[in-house]
>>> print(open('entry.pdb').read())   # PDB, N, CA and C atoms
ATOM      1  N   MET A  50     107.597-185.216 -85.676
ATOM      2  CA  MET A  50     108.101-186.406 -86.332
ATOM      3  C   MET A  50     108.886-187.277 -85.351
ATOM      4  N   LEU A  51     109.695-186.648 -84.537
ATOM      5  CA  LEU A  51     110.492-187.382 -83.562
ATOM      6  C   LEU A  51     109.595-188.089 -82.547
ATOM      7  N   SER A  52     108.518-187.417 -82.128
ATOM      8  CA  SER A  52     107.607-188.042 -81.167
ATOM      9  C   SER A  52     106.885-189.239 -81.793
ATOM     10  N   LEU A  53     106.611-189.163 -83.098
ATOM     11  CA  LEU A  53     105.979-190.286 -83.786
ATOM     12  C   LEU A  53     106.901-191.496 -83.797
ATOM     13  N   LEU A  54     108.163-191.286 -84.089
ATOM     14  CA  LEU A  54     109.124-192.383 -84.071
ATOM     15  C   LEU A  54     109.271-192.971 -82.670
ATOM     16  N   ALA A  55     109.292-192.112 -81.667
ATOM     17  CA  ALA A  55     109.393-192.587 -80.289
ATOM     18  C   ALA A  55     108.180-193.438 -79.937
ATOM     19  N   SER A  56     107.008-193.022 -80.403
ATOM     20  CA  SER A  56     105.790-193.788 -80.146
ATOM     21  C   SER A  56     105.845-195.159 -80.799
ATOM     22  N   VAL A  57     106.383-195.212 -82.001
ATOM     23  CA  VAL A  57     106.488-196.489 -82.707
ATOM     24  C   VAL A  57     107.418-197.425 -81.948
ATOM     25  N   PHE A  58     108.558-196.927 -81.489
ATOM     26  CA  PHE A  58     109.491-197.769 -80.746
ATOM     27  C   PHE A  58     108.882-198.233 -79.420
ATOM     28  N   VAL A  59     108.139-197.391 -78.763
ATOM     29  CA  VAL A  59     107.490-197.773 -77.514
ATOM     30  C   VAL A  59     106.444-198.843 -77.776
ATOM     31  N   CYS A  60     105.668-198.692 -78.834
ATOM     32  CA  CYS A  60     104.601-199.647 -79.123
ATOM     33  C   CYS A  60     105.136-200.999 -79.581
ATOM     34  N   VAL A  61     106.328-201.029 -80.152
ATOM     35  CA  VAL A  61     106.920-202.306 -80.534
ATOM     36  C   VAL A  61     107.086-203.173 -79.289
ATOM     37  N   GLY A  62     107.434-202.557 -78.180
ATOM     38  CA  GLY A  62     107.557-203.286 -76.928
ATOM     39  C   GLY A  62     106.225-203.621 -76.297
ATOM     40  N   CYS A  63     105.123-203.072 -76.830
ATOM     41  CA  CYS A  63     103.798-203.311 -76.263
ATOM     42  C   CYS A  63     103.219-204.652 -76.665
ATOM     43  N   GLN A  64     103.767-205.285 -77.687
ATOM     44  CA  GLN A  64     103.208-206.549 -78.127
ATOM     45  C   GLN A  64     103.346-207.567 -77.005
ATOM     46  N   GLN A  65     102.240-208.231 -76.712
ATOM     47  CA  GLN A  65     102.230-209.182 -75.616
ATOM     48  C   GLN A  65     103.006-210.434 -76.005
ATOM     49  N   GLN A  66     103.937-210.794 -75.148
ATOM     50  CA  GLN A  66     104.695-212.014 -75.351
ATOM     51  C   GLN A  66     103.860-213.207 -74.883
ATOM     52  N   PRO A  67     104.016-214.347 -75.526
ATOM     53  CA  PRO A  67     103.299-215.527 -75.046
ATOM     54  C   PRO A  67     103.688-215.830 -73.594
ATOM     55  N   LEU A  68     102.720-216.264 -72.840
ATOM     56  CA  LEU A  68     102.947-216.560 -71.436
ATOM     57  C   LEU A  68     103.457-217.988 -71.304
ATOM     58  N   ASN A  69     104.360-218.210 -70.349
ATOM     59  CA  ASN A  69     104.915-219.545 -70.220
ATOM     60  C   ASN A  69     104.047-220.438 -69.338
ATOM     61  N   TYR A  70     104.355-221.719 -69.353
ATOM     62  CA  TYR A  70     103.584-222.742 -68.645
ATOM     63  C   TYR A  70     103.471-222.422 -67.157
ATOM     64  N   ASP A  71     104.579-222.092 -66.498
ATOM     65  CA  ASP A  71     104.549-221.811 -65.057
ATOM     66  C   ASP A  71     103.640-220.630 -64.737
ATOM     67  N   TYR A  72     103.730-219.574 -65.530
ATOM     68  CA  TYR A  72     102.878-218.405 -65.299
ATOM     69  C   TYR A  72     101.404-218.796 -65.430
ATOM     70  N   LEU A  73     101.080-219.542 -66.467
ATOM     71  CA  LEU A  73      99.691-219.955 -66.682
ATOM     72  C   LEU A  73      99.189-220.816 -65.527
ATOM     73  N   MET A  74     100.023-221.718 -65.038
ATOM     74  CA  MET A  74      99.625-222.590 -63.928
ATOM     75  C   MET A  74      99.418-221.798 -62.639
ATOM     76  N   GLN A  75     100.115-220.697 -62.491
ATOM     77  CA  GLN A  75     100.029-219.900 -61.272
ATOM     78  C   GLN A  75      98.970-218.809 -61.349
ATOM     79  N   HIS A  76      98.380-218.620 -62.522
ATOM     80  CA  HIS A  76      97.359-217.591 -62.732
ATOM     81  C   HIS A  76      96.174-218.201 -63.487
ATOM     82  N   PRO A  77      95.318-218.946 -62.781
ATOM     83  CA  PRO A  77      94.239-219.663 -63.463
ATOM     84  C   PRO A  77      93.267-218.766 -64.218
ATOM     85  N   GLU A  78      93.089-217.534 -63.763
ATOM     86  CA  GLU A  78      92.185-216.637 -64.492
ATOM     87  C   GLU A  78      92.768-216.276 -65.857
ATOM     88  N   VAL A  79      94.068-216.108 -65.933
ATOM     89  CA  VAL A  79      94.740-215.847 -67.214
ATOM     90  C   VAL A  79      94.713-217.112 -68.066
ATOM     91  N   LEU A  80      94.954-218.243 -67.436
ATOM     92  CA  LEU A  80      94.924-219.527 -68.141
ATOM     93  C   LEU A  80      93.576-219.734 -68.821
ATOM     94  N   LEU A  81      92.499-219.449 -68.111
ATOM     95  CA  LEU A  81      91.162-219.616 -68.684
ATOM     96  C   LEU A  81      90.968-218.722 -69.909
ATOM     97  N   LYS A  82      91.387-217.468 -69.792
ATOM     98  CA  LYS A  82      91.249-216.543 -70.935
ATOM     99  C   LYS A  82      92.072-217.014 -72.126
ATOM    100  N   GLN A  83      93.295-217.465 -71.877
ATOM    101  CA  GLN A  83      94.153-217.928 -72.961
ATOM    102  C   GLN A  83      93.596-219.217 -73.577
ATOM    103  N   TYR A  84      93.043-220.077 -72.731
ATOM    104  CA  TYR A  84      92.453-221.322 -73.220
ATOM    105  C   TYR A  84      91.276-221.025 -74.148
ATOM    106  N   GLU A  85      90.432-220.092 -73.743
ATOM    107  CA  GLU A  85      89.296-219.710 -74.585
ATOM    108  C   GLU A  85      89.774-219.086 -75.895
ATOM    109  N   ARG A  86      90.838-218.306 -75.826
ATOM    110  CA  ARG A  86      91.389-217.665 -77.025
ATOM    111  C   ARG A  86      91.982-218.702 -77.982
ATOM    112  N   CYS A  87      92.494-219.783 -77.442
ATOM    113  CA  CYS A  87      93.184-220.787 -78.255
ATOM    114  C   CYS A  87      92.268-221.864 -78.836
ATOM    115  N   ARG A  88      90.994-221.837 -78.499
ATOM    116  CA  ARG A  88      90.096-222.876 -79.018
ATOM    117  C   ARG A  88      90.180-222.952 -80.531
ATOM    118  N   GLY A  89      90.362-224.168 -81.018
ATOM    119  CA  GLY A  89      90.389-224.389 -82.454
ATOM    120  C   GLY A  89      91.695-224.016 -83.121
ATOM    121  N   GLN A  90      92.665-223.534 -82.359
ATOM    122  CA  GLN A  90      93.957-223.164 -82.933
ATOM    123  C   GLN A  90      94.977-224.247 -82.613
ATOM    124  N   SER A  91      95.846-224.481 -83.539
ATOM    125  CA  SER A  91      96.893-225.469 -83.330
ATOM    126  C   SER A  91      98.247-224.818 -83.546
ATOM    127  N   THR A  92      98.688-224.116 -82.511
ATOM    128  CA  THR A  92     100.017-223.514 -82.545
ATOM    129  C   THR A  92     100.796-224.071 -81.359
ATOM    130  N   ALA A  93     102.083-223.890 -81.368
ATOM    131  CA  ALA A  93     102.907-224.368 -80.248
ATOM    132  C   ALA A  93     102.450-223.705 -78.951
ATOM    133  N   TYR A  94     102.156-222.407 -79.016
ATOM    134  CA  TYR A  94     101.705-221.705 -77.815
ATOM    135  C   TYR A  94     100.373-222.269 -77.324
ATOM    136  N   CYS A  95      99.430-222.467 -78.223
ATOM    137  CA  CYS A  95      98.122-222.986 -77.816
ATOM    138  C   CYS A  95      98.239-224.416 -77.298
ATOM    139  N   ASP A  96      99.146-225.197 -77.853
ATOM    140  CA  ASP A  96      99.379-226.540 -77.323
ATOM    141  C   ASP A  96      99.862-226.459 -75.883
ATOM    142  N   GLU A  97     100.708-225.479 -75.592
ATOM    143  CA  GLU A  97     101.207-225.272 -74.223
ATOM    144  C   GLU A  97     100.072-224.830 -73.301
ATOM    145  N   VAL A  98      99.194-223.974 -73.796
ATOM    146  CA  VAL A  98      98.038-223.516 -73.016
ATOM    147  C   VAL A  98      97.129-224.699 -72.696
ATOM    148  N   VAL A  99      96.856-225.539 -73.669
ATOM    149  CA  VAL A  99      95.998-226.704 -73.461
ATOM    150  C   VAL A  99      96.637-227.655 -72.448
ATOM    151  N   ARG A 100      97.944-227.860 -72.559
ATOM    152  CA  ARG A 100      98.645-228.726 -71.601
ATOM    153  C   ARG A 100      98.523-228.163 -70.191
ATOM    154  N   ALA A 101      98.706-226.857 -70.036
ATOM    155  CA  ALA A 101      98.577-226.227 -68.721
ATOM    156  C   ALA A 101      97.151-226.367 -68.198
ATOM    157  N   ALA A 102      96.176-226.166 -69.052
ATOM    158  CA  ALA A 102      94.772-226.285 -68.630
ATOM    159  C   ALA A 102      94.453-227.706 -68.175
ATOM    160  N   GLU A 103      94.936-228.684 -68.905
ATOM    161  CA  GLU A 103      94.706-230.078 -68.524
ATOM    162  C   GLU A 103      95.388-230.399 -67.196
ATOM    163  N   ASP A 104      96.624-229.940 -67.026
ATOM    164  CA  ASP A 104      97.357-230.179 -65.778
ATOM    165  C   ASP A 104      96.684-229.483 -64.602
ATOM    166  N   PHE A 105      96.241-228.249 -64.813
ATOM    167  CA  PHE A 105      95.573-227.510 -63.742
ATOM    168  C   PHE A 105      94.267-228.200 -63.360
ATOM    169  N   ASN A 106      93.538-228.646 -64.353
ATOM    170  CA  ASN A 106      92.283-229.363 -64.109
ATOM    171  C   ASN A 106      92.549-230.640 -63.307
ATOM    172  N   ALA A 107      93.593-231.368 -63.651
ATOM    173  CA  ALA A 107      93.937-232.590 -62.919
ATOM    174  C   ALA A 107      94.255-232.270 -61.458
ATOM    175  N   LEU A 108      94.974-231.173 -61.219
ATOM    176  CA  LEU A 108      95.293-230.781 -59.844
ATOM    177  C   LEU A 108      94.043-230.381 -59.062
ATOM    178  N   THR A 109      93.098-229.721 -59.716
ATOM    179  CA  THR A 109      91.868-229.342 -59.015
ATOM    180  C   THR A 109      91.058-230.588 -58.642
ATOM    181  N   HIS A 110      91.041-231.570 -59.517
ATOM    182  CA  HIS A 110      90.346-232.825 -59.204
ATOM    183  C   HIS A 110      91.057-233.554 -58.066
ATOM    184  N   GLN A 111      92.377-233.534 -58.114
ATOM    185  CA  GLN A 111      93.158-234.167 -57.056
ATOM    186  C   GLN A 111      92.857-233.522 -55.706
ATOM    187  N   ARG A 112      92.772-232.196 -55.677
ATOM    188  CA  ARG A 112      92.477-231.510 -54.416
ATOM    189  C   ARG A 112      91.068-231.846 -53.938
ATOM    190  N   ALA A 113      90.116-231.933 -54.865
ATOM    191  CA  ALA A 113      88.743-232.260 -54.486
ATOM    192  C   ALA A 113      88.649-233.661 -53.883
ATOM    193  N   GLU A 114      89.460-234.567 -54.396
ATOM    194  CA  GLU A 114      89.433-235.941 -53.905
ATOM    195  C   GLU A 114      90.180-236.106 -52.586
ATOM    196  N   ASN A 115      91.271-235.346 -52.410
ATOM    197  CA  ASN A 115      92.087-235.531 -51.213
ATOM    198  C   ASN A 115      92.832-234.240 -50.890
ATOM    199  N   ALA A 116      92.177-233.364 -50.152
ATOM    200  CA  ALA A 116      92.761-232.069 -49.804
ATOM    201  C   ALA A 116      94.013-232.230 -48.934
ATOM    202  N   GLU A 117      94.030-233.261 -48.094
ATOM    203  CA  GLU A 117      95.200-233.484 -47.236
ATOM    204  C   GLU A 117      96.434-233.810 -48.057
ATOM    205  N   LEU A 118      96.261-234.591 -49.114
ATOM    206  CA  LEU A 118      97.381-234.917 -49.989
ATOM    207  C   LEU A 118      97.927-233.646 -50.642
ATOM    208  N   MET A 119      97.040-232.742 -51.020
ATOM    209  CA  MET A 119      97.485-231.464 -51.606
ATOM    210  C   MET A 119      98.321-230.706 -50.589
ATOM    211  N   GLY A 120      97.889-230.690 -49.338
ATOM    212  CA  GLY A 120      98.657-230.034 -48.286
ATOM    213  C   GLY A 120     100.033-230.647 -48.119
ATOM    214  N   MET A 121     100.101-231.957 -48.199
ATOM    215  CA  MET A 121     101.395-232.656 -48.096
ATOM    216  C   MET A 121     102.294-232.288 -49.273
ATOM    217  N   GLN A 122     101.706-232.194 -50.459
ATOM    218  CA  GLN A 122     102.495-231.819 -51.634
ATOM    219  C   GLN A 122     103.053-230.404 -51.484
ATOM    220  N   ILE A 123     102.256-229.514 -50.925
ATOM    221  CA  ILE A 123     102.719-228.138 -50.704
ATOM    222  C   ILE A 123     103.896-228.145 -49.741
ATOM    223  N   MET A 124     103.769-228.890 -48.649
ATOM    224  CA  MET A 124     104.853-228.943 -47.669
ATOM    225  C   MET A 124     106.122-229.531 -48.273
ATOM    226  N   LYS A 125     105.989-230.605 -49.058
ATOM    227  CA  LYS A 125     107.159-231.216 -49.702
ATOM    228  C   LYS A 125     107.822-230.247 -50.676
ATOM    229  N   ALA A 126     107.016-229.532 -51.445
ATOM    230  CA  ALA A 126     107.560-228.566 -52.404
ATOM    231  C   ALA A 126     108.276-227.431 -51.678
ATOM    232  N   GLN A 127     107.719-226.998 -50.545
ATOM    233  CA  GLN A 127     108.372-225.957 -49.749
ATOM    234  C   GLN A 127     109.708-226.450 -49.211
ATOM    235  N   GLN A 128     109.732-227.665 -48.701
ATOM    236  CA  GLN A 128     110.972-228.230 -48.165
ATOM    237  C   GLN A 128     112.023-228.395 -49.247
ATOM    238  N   ALA A 129     111.581-228.736 -50.456
ATOM    239  CA  ALA A 129     112.499-228.919 -51.576
ATOM    240  C   ALA A 129     112.930-227.591 -52.195
ATOM    241  N   GLY A 130     112.270-226.502 -51.791
ATOM    242  CA  GLY A 130     112.598-225.192 -52.354
ATOM    243  C   GLY A 130     112.091-224.994 -53.767
ATOM    244  N   ASP A 131     111.073-225.750 -54.158
ATOM    245  CA  ASP A 131     110.502-225.656 -55.508
ATOM    246  C   ASP A 131     109.425-224.573 -55.522
ATOM    247  N   GLU A 132     109.859-223.331 -55.680
ATOM    248  CA  GLU A 132     108.967-222.176 -55.588
ATOM    249  C   GLU A 132     107.862-222.199 -56.639
ATOM    250  N   ASN A 133     108.180-222.628 -57.865
ATOM    251  CA  ASN A 133     107.153-222.683 -58.911
ATOM    252  C   ASN A 133     106.049-223.663 -58.546
ATOM    253  N   LYS A 134     106.429-224.824 -58.013
ATOM    254  CA  LYS A 134     105.418-225.813 -57.638
ATOM    255  C   LYS A 134     104.579-225.297 -56.471
ATOM    256  N   VAL A 135     105.212-224.652 -55.502
ATOM    257  CA  VAL A 135     104.476-224.093 -54.368
ATOM    258  C   VAL A 135     103.452-223.078 -54.868
ATOM    259  N   LYS A 136     103.880-222.179 -55.739
ATOM    260  CA  LYS A 136     102.963-221.167 -56.274
ATOM    261  C   LYS A 136     101.822-221.803 -57.049
ATOM    262  N   THR A 137     102.133-222.837 -57.810
ATOM    263  CA  THR A 137     101.095-223.527 -58.580
ATOM    264  C   THR A 137     100.084-224.200 -57.660
ATOM    265  N   LEU A 138     100.567-224.888 -56.650
ATOM    266  CA  LEU A 138      99.660-225.579 -55.739
ATOM    267  C   LEU A 138      98.803-224.588 -54.958
ATOM    268  N   TYR A 139      99.394-223.475 -54.554
ATOM    269  CA  TYR A 139      98.583-222.452 -53.880
ATOM    270  C   TYR A 139      97.545-221.848 -54.831
ATOM    271  N   ALA A 140      97.875-221.733 -56.111
ATOM    272  CA  ALA A 140      96.904-221.239 -57.091
ATOM    273  C   ALA A 140      95.730-222.204 -57.199
ATOM    274  N   VAL A 141      96.008-223.491 -57.127
ATOM    275  CA  VAL A 141      94.935-224.492 -57.150
ATOM    276  C   VAL A 141      94.058-224.337 -55.919
ATOM    277  N   VAL A 142      94.696-224.162 -54.757
ATOM    278  CA  VAL A 142      93.936-223.991 -53.519
ATOM    279  C   VAL A 142      93.040-222.761 -53.604
ATOM    280  N   ARG A 143      93.602-221.641 -54.077
ATOM    281  CA  ARG A 143      92.807-220.421 -54.223
ATOM    282  C   ARG A 143      91.643-220.611 -55.170
ATOM    283  N   ALA A 144      91.914-221.286 -56.295
ATOM    284  CA  ALA A 144      90.885-221.463 -57.322
ATOM    285  C   ALA A 144      89.768-222.402 -56.879
ATOM    286  N   THR A 145      90.059-223.274 -55.929
ATOM    287  CA  THR A 145      89.064-224.259 -55.520
ATOM    288  C   THR A 145      88.487-223.992 -54.149
ATOM    289  N   SER A 146      88.882-222.903 -53.527
ATOM    290  CA  SER A 146      88.365-222.567 -52.192
ATOM    291  C   SER A 146      87.098-221.738 -52.323
ATOM    292  N   ALA A 147      86.143-222.022 -51.459
ATOM    293  CA  ALA A 147      84.915-221.216 -51.411
ATOM    294  C   ALA A 147      85.223-219.894 -50.727
ATOM    295  N   GLU A 148      84.699-218.844 -51.280
ATOM    296  CA  GLU A 148      84.959-217.522 -50.686
ATOM    297  C   GLU A 148      83.762-217.024 -49.931
TER     298      GLU A 148
END
>>> encode(input="entry.pdb", output="structure tokens")
Amino acid sequence: MLSLLASVFVCVGCQQQPLNYDYLMQHPEVLLKQYERCRGQSTAYCDEVVRAAEDFNALTHQRAENAELMGMQIMKAQQAGDENKVKTLYAVVRATSAE
């Protein structure tokens, strides 16, 4: 009985928390899965997922049009100490680079 209660308390912590905008922008593979999961849903979380997907898409188009500008943005973000922006821009580079 005690082990059953312990299992219940452990599993309560297993519920996945919604992912935040920065995490989604820095993990495009997760963003894609969440975007597909949110299709047709209108919740605050799904609205955030859609916003992240649109922003990420805009950054990928920006990189395709002017890769040098993306490099400049990375350098500026590094100089400013904006770690989230640096991680996001590198995620765009990874997602759009040929392997």
>>> residues_around(input="entry.pdb", residues="range 67-74 of chain A", least_positions_apart="4", cutoff="6.5 Å", atoms="only N, CA and C atoms", output="short mmCIF file (atom, residue, chain, number, x, y, z; two decimals) with N, CA and C atoms, keeping the file's coordinate frame")
data_model
loop_
_atom_site.label_atom_id
_atom_site.label_comp_id
_atom_site.auth_asym_id
_atom_site.auth_seq_id
_atom_site.Cartn_x
_atom_site.Cartn_y
_atom_site.Cartn_z
N VAL A 79 94.07 -216.11 -65.93
CA VAL A 79 94.74 -215.85 -67.21
C VAL A 79 94.71 -217.11 -68.07
N LEU A 80 94.95 -218.24 -67.44
CA LEU A 80 94.92 -219.53 -68.14
C LEU A 80 93.58 -219.73 -68.82
N GLU A 97 100.71 -225.48 -75.59
CA GLU A 97 101.21 -225.27 -74.22
C GLU A 97 100.07 -224.83 -73.30
N ALA A 101 98.71 -226.86 -70.04
CA ALA A 101 98.58 -226.23 -68.72
C ALA A 101 97.15 -226.37 -68.20
N PHE A 105 96.24 -228.25 -64.81
CA PHE A 105 95.57 -227.51 -63.74
C PHE A 105 94.27 -228.20 -63.36
N LYS A 136 103.88 -222.18 -55.74
CA LYS A 136 102.96 -221.17 -56.27
C LYS A 136 101.82 -221.80 -57.05
N THR A 137 102.13 -222.84 -57.81
CA THR A 137 101.10 -223.53 -58.58
C THR A 137 100.08 -224.20 -57.66
N ALA A 140 97.88 -221.73 -56.11
CA ALA A 140 96.90 -221.24 -57.09
C ALA A 140 95.73 -222.20 -57.20
#
>>> atom_distance(input="entry.pdb", atom1="atom N of Met124 in chain A", atom2="CA of Asp104 in chain A")
18.3 Å
>>> residues_around(input="entry.pdb", residues="range 106-110 of chain A", least_positions_apart="6", cutoff="9 Å", atoms="only C-alpha atoms", output="list in words")
Met119, Leu138, Val141, Val142, Ala144 and Thr145 of chain A
>>> atom_distance(input="entry.pdb", atom1="atom C of Tyr84 in chain A", atom2="CA of Glu132 in chain A")
25.7 Å
>>> select_by_dssp(input="entry.pdb", residues="range 72-110 of chain A", states="helix (DSSP H, G or I)", output="PyMOL selection string")
chain A and resi 72-75+77-87+93-110
>>> atom_distance(input="entry.pdb", atom1="atom N of Cys95 in chain A", atom2="atom C of Gln83 in chain A")
8.1 Å
>>> axis_aligned_box(input="entry.pdb", around="range 95-100 of chain A", padding_each_side="4 Å", output="AutoDock Vina command-line options")
--center_x 98.6 --center_y -225.6 --center_z -74.2 --size_x 13.2 --size_y 14.3 --size_z 16.0
>>> build_atoms(input="entry.pdb", residues="range 107-131 of chain A", atoms="N, CA, C and O atoms", output="PDB file, in the coordinates of the input")
ATOM      1  N   ALA A 107      93.593-231.368 -63.651  1.00  0.00           N
ATOM      2  CA  ALA A 107      93.937-232.590 -62.919  1.00  0.00           C
ATOM      3  C   ALA A 107      94.255-232.270 -61.458  1.00  0.00           C
ATOM      4  O   ALA A 107      93.847-233.004 -60.551  1.00  0.00           O
ATOM      5  N   LEU A 108      94.974-231.173 -61.219  1.00  0.00           N
ATOM      6  CA  LEU A 108      95.293-230.781 -59.844  1.00  0.00           C
ATOM      7  C   LEU A 108      94.043-230.381 -59.062  1.00  0.00           C
ATOM      8  O   LEU A 108      93.931-230.672 -57.875  1.00  0.00           O
ATOM      9  N   THR A 109      93.098-229.721 -59.716  1.00  0.00           N
ATOM     10  CA  THR A 109      91.868-229.342 -59.015  1.00  0.00           C
ATOM     11  C   THR A 109      91.058-230.588 -58.642  1.00  0.00           C
ATOM     12  O   THR A 109      90.481-230.645 -57.553  1.00  0.00           O
ATOM     13  N   HIS A 110      91.041-231.570 -59.517  1.00  0.00           N
ATOM     14  CA  HIS A 110      90.346-232.825 -59.204  1.00  0.00           C
ATOM     15  C   HIS A 110      91.057-233.554 -58.066  1.00  0.00           C
ATOM     16  O   HIS A 110      90.407-234.116 -57.184  1.00  0.00           O
ATOM     17  N   GLN A 111      92.377-233.534 -58.114  1.00  0.00           N
ATOM     18  CA  GLN A 111      93.158-234.167 -57.056  1.00  0.00           C
ATOM     19  C   GLN A 111      92.857-233.522 -55.706  1.00  0.00           C
ATOM     20  O   GLN A 111      92.675-234.213 -54.708  1.00  0.00           O
ATOM     21  N   ARG A 112      92.772-232.196 -55.677  1.00  0.00           N
ATOM     22  CA  ARG A 112      92.477-231.510 -54.416  1.00  0.00           C
ATOM     23  C   ARG A 112      91.068-231.846 -53.938  1.00  0.00           C
ATOM     24  O   ARG A 112      90.834-232.030 -52.751  1.00  0.00           O
ATOM     25  N   ALA A 113      90.116-231.933 -54.865  1.00  0.00           N
ATOM     26  CA  ALA A 113      88.743-232.260 -54.486  1.00  0.00           C
ATOM     27  C   ALA A 113      88.649-233.661 -53.883  1.00  0.00           C
ATOM     28  O   ALA A 113      87.881-233.892 -52.954  1.00  0.00           O
ATOM     29  N   GLU A 114      89.460-234.567 -54.396  1.00  0.00           N
ATOM     30  CA  GLU A 114      89.433-235.941 -53.905  1.00  0.00           C
ATOM     31  C   GLU A 114      90.180-236.106 -52.586  1.00  0.00           C
ATOM     32  O   GLU A 114      89.793-236.926 -51.758  1.00  0.00           O
ATOM     33  N   ASN A 115      91.271-235.346 -52.410  1.00  0.00           N
ATOM     34  CA  ASN A 115      92.087-235.531 -51.213  1.00  0.00           C
ATOM     35  C   ASN A 115      92.832-234.240 -50.890  1.00  0.00           C
ATOM     36  O   ASN A 115      93.993-234.063 -51.277  1.00  0.00           O
ATOM     37  N   ALA A 116      92.177-233.364 -50.152  1.00  0.00           N
ATOM     38  CA  ALA A 116      92.761-232.069 -49.804  1.00  0.00           C
ATOM     39  C   ALA A 116      94.013-232.230 -48.934  1.00  0.00           C
ATOM     40  O   ALA A 116      94.949-231.434 -49.041  1.00  0.00           O
ATOM     41  N   GLU A 117      94.030-233.261 -48.094  1.00  0.00           N
ATOM     42  CA  GLU A 117      95.200-233.484 -47.236  1.00  0.00           C
ATOM     43  C   GLU A 117      96.434-233.810 -48.057  1.00  0.00           C
ATOM     44  O   GLU A 117      97.532-233.363 -47.739  1.00  0.00           O
ATOM     45  N   LEU A 118      96.261-234.591 -49.114  1.00  0.00           N
ATOM     46  CA  LEU A 118      97.381-234.917 -49.989  1.00  0.00           C
ATOM     47  C   LEU A 118      97.927-233.646 -50.642  1.00  0.00           C
ATOM     48  O   LEU A 118      99.145-233.488 -50.767  1.00  0.00           O
ATOM     49  N   MET A 119      97.040-232.742 -51.020  1.00  0.00           N
ATOM     50  CA  MET A 119      97.485-231.464 -51.606  1.00  0.00           C
ATOM     51  C   MET A 119      98.321-230.706 -50.589  1.00  0.00           C
ATOM     52  O   MET A 119      99.361-230.145 -50.922  1.00  0.00           O
ATOM     53  N   GLY A 120      97.889-230.690 -49.338  1.00  0.00           N
ATOM     54  CA  GLY A 120      98.657-230.034 -48.286  1.00  0.00           C
ATOM     55  C   GLY A 120     100.033-230.647 -48.119  1.00  0.00           C
ATOM     56  O   GLY A 120     101.031-229.940 -47.940  1.00  0.00           O
ATOM     57  N   MET A 121     100.101-231.957 -48.199  1.00  0.00           N
ATOM     58  CA  MET A 121     101.395-232.656 -48.096  1.00  0.00           C
ATOM     59  C   MET A 121     102.294-232.288 -49.273  1.00  0.00           C
ATOM     60  O   MET A 121     103.488-232.090 -49.099  1.00  0.00           O
ATOM     61  N   GLN A 122     101.706-232.194 -50.459  1.00  0.00           N
ATOM     62  CA  GLN A 122     102.495-231.819 -51.634  1.00  0.00           C
ATOM     63  C   GLN A 122     103.053-230.404 -51.484  1.00  0.00           C
ATOM     64  O   GLN A 122     104.186-230.145 -51.878  1.00  0.00           O
ATOM     65  N   ILE A 123     102.256-229.514 -50.925  1.00  0.00           N
ATOM     66  CA  ILE A 123     102.719-228.138 -50.704  1.00  0.00           C
ATOM     67  C   ILE A 123     103.896-228.145 -49.741  1.00  0.00           C
ATOM     68  O   ILE A 123     104.923-227.502 -49.989  1.00  0.00           O
ATOM     69  N   MET A 124     103.769-228.890 -48.649  1.00  0.00           N
ATOM     70  CA  MET A 124     104.853-228.943 -47.669  1.00  0.00           C
ATOM     71  C   MET A 124     106.122-229.531 -48.273  1.00  0.00           C
ATOM     72  O   MET A 124     107.228-229.017 -48.051  1.00  0.00           O
ATOM     73  N   LYS A 125     105.989-230.605 -49.058  1.00  0.00           N
ATOM     74  CA  LYS A 125     107.159-231.216 -49.702  1.00  0.00           C
ATOM     75  C   LYS A 125     107.822-230.247 -50.676  1.00  0.00           C
ATOM     76  O   LYS A 125     109.041-230.151 -50.746  1.00  0.00           O
ATOM     77  N   ALA A 126     107.016-229.532 -51.445  1.00  0.00           N
ATOM     78  CA  ALA A 126     107.560-228.566 -52.404  1.00  0.00           C
ATOM     79  C   ALA A 126     108.276-227.431 -51.678  1.00  0.00           C
ATOM     80  O   ALA A 126     109.323-226.958 -52.119  1.00  0.00           O
ATOM     81  N   GLN A 127     107.719-226.998 -50.545  1.00  0.00           N
ATOM     82  CA  GLN A 127     108.372-225.957 -49.749  1.00  0.00           C
ATOM     83  C   GLN A 127     109.708-226.450 -49.211  1.00  0.00           C
ATOM     84  O   GLN A 127     110.706-225.735 -49.262  1.00  0.00           O
ATOM     85  N   GLN A 128     109.732-227.665 -48.701  1.00  0.00           N
ATOM     86  CA  GLN A 128     110.972-228.230 -48.165  1.00  0.00           C
ATOM     87  C   GLN A 128     112.023-228.395 -49.247  1.00  0.00           C
ATOM     88  O   GLN A 128     113.205-228.222 -48.999  1.00  0.00           O
ATOM     89  N   ALA A 129     111.581-228.736 -50.456  1.00  0.00           N
ATOM     90  CA  ALA A 129     112.499-228.919 -51.576  1.00  0.00           C
ATOM     91  C   ALA A 129     112.930-227.591 -52.195  1.00  0.00           C
ATOM     92  O   ALA A 129     113.835-227.557 -53.027  1.00  0.00           O
ATOM     93  N   GLY A 130     112.270-226.502 -51.791  1.00  0.00           N
ATOM     94  CA  GLY A 130     112.598-225.192 -52.354  1.00  0.00           C
ATOM     95  C   GLY A 130     112.091-224.994 -53.767  1.00  0.00           C
ATOM     96  O   GLY A 130     112.600-224.152 -54.502  1.00  0.00           O
ATOM     97  N   ASP A 131     111.073-225.750 -54.158  1.00  0.00           N
ATOM     98  CA  ASP A 131     110.502-225.656 -55.508  1.00  0.00           C
ATOM     99  C   ASP A 131     109.425-224.573 -55.522  1.00  0.00           C
ATOM    100  O   ASP A 131     108.230-224.854 -55.387  1.00  0.00           O
TER     101      ASP A 131
END
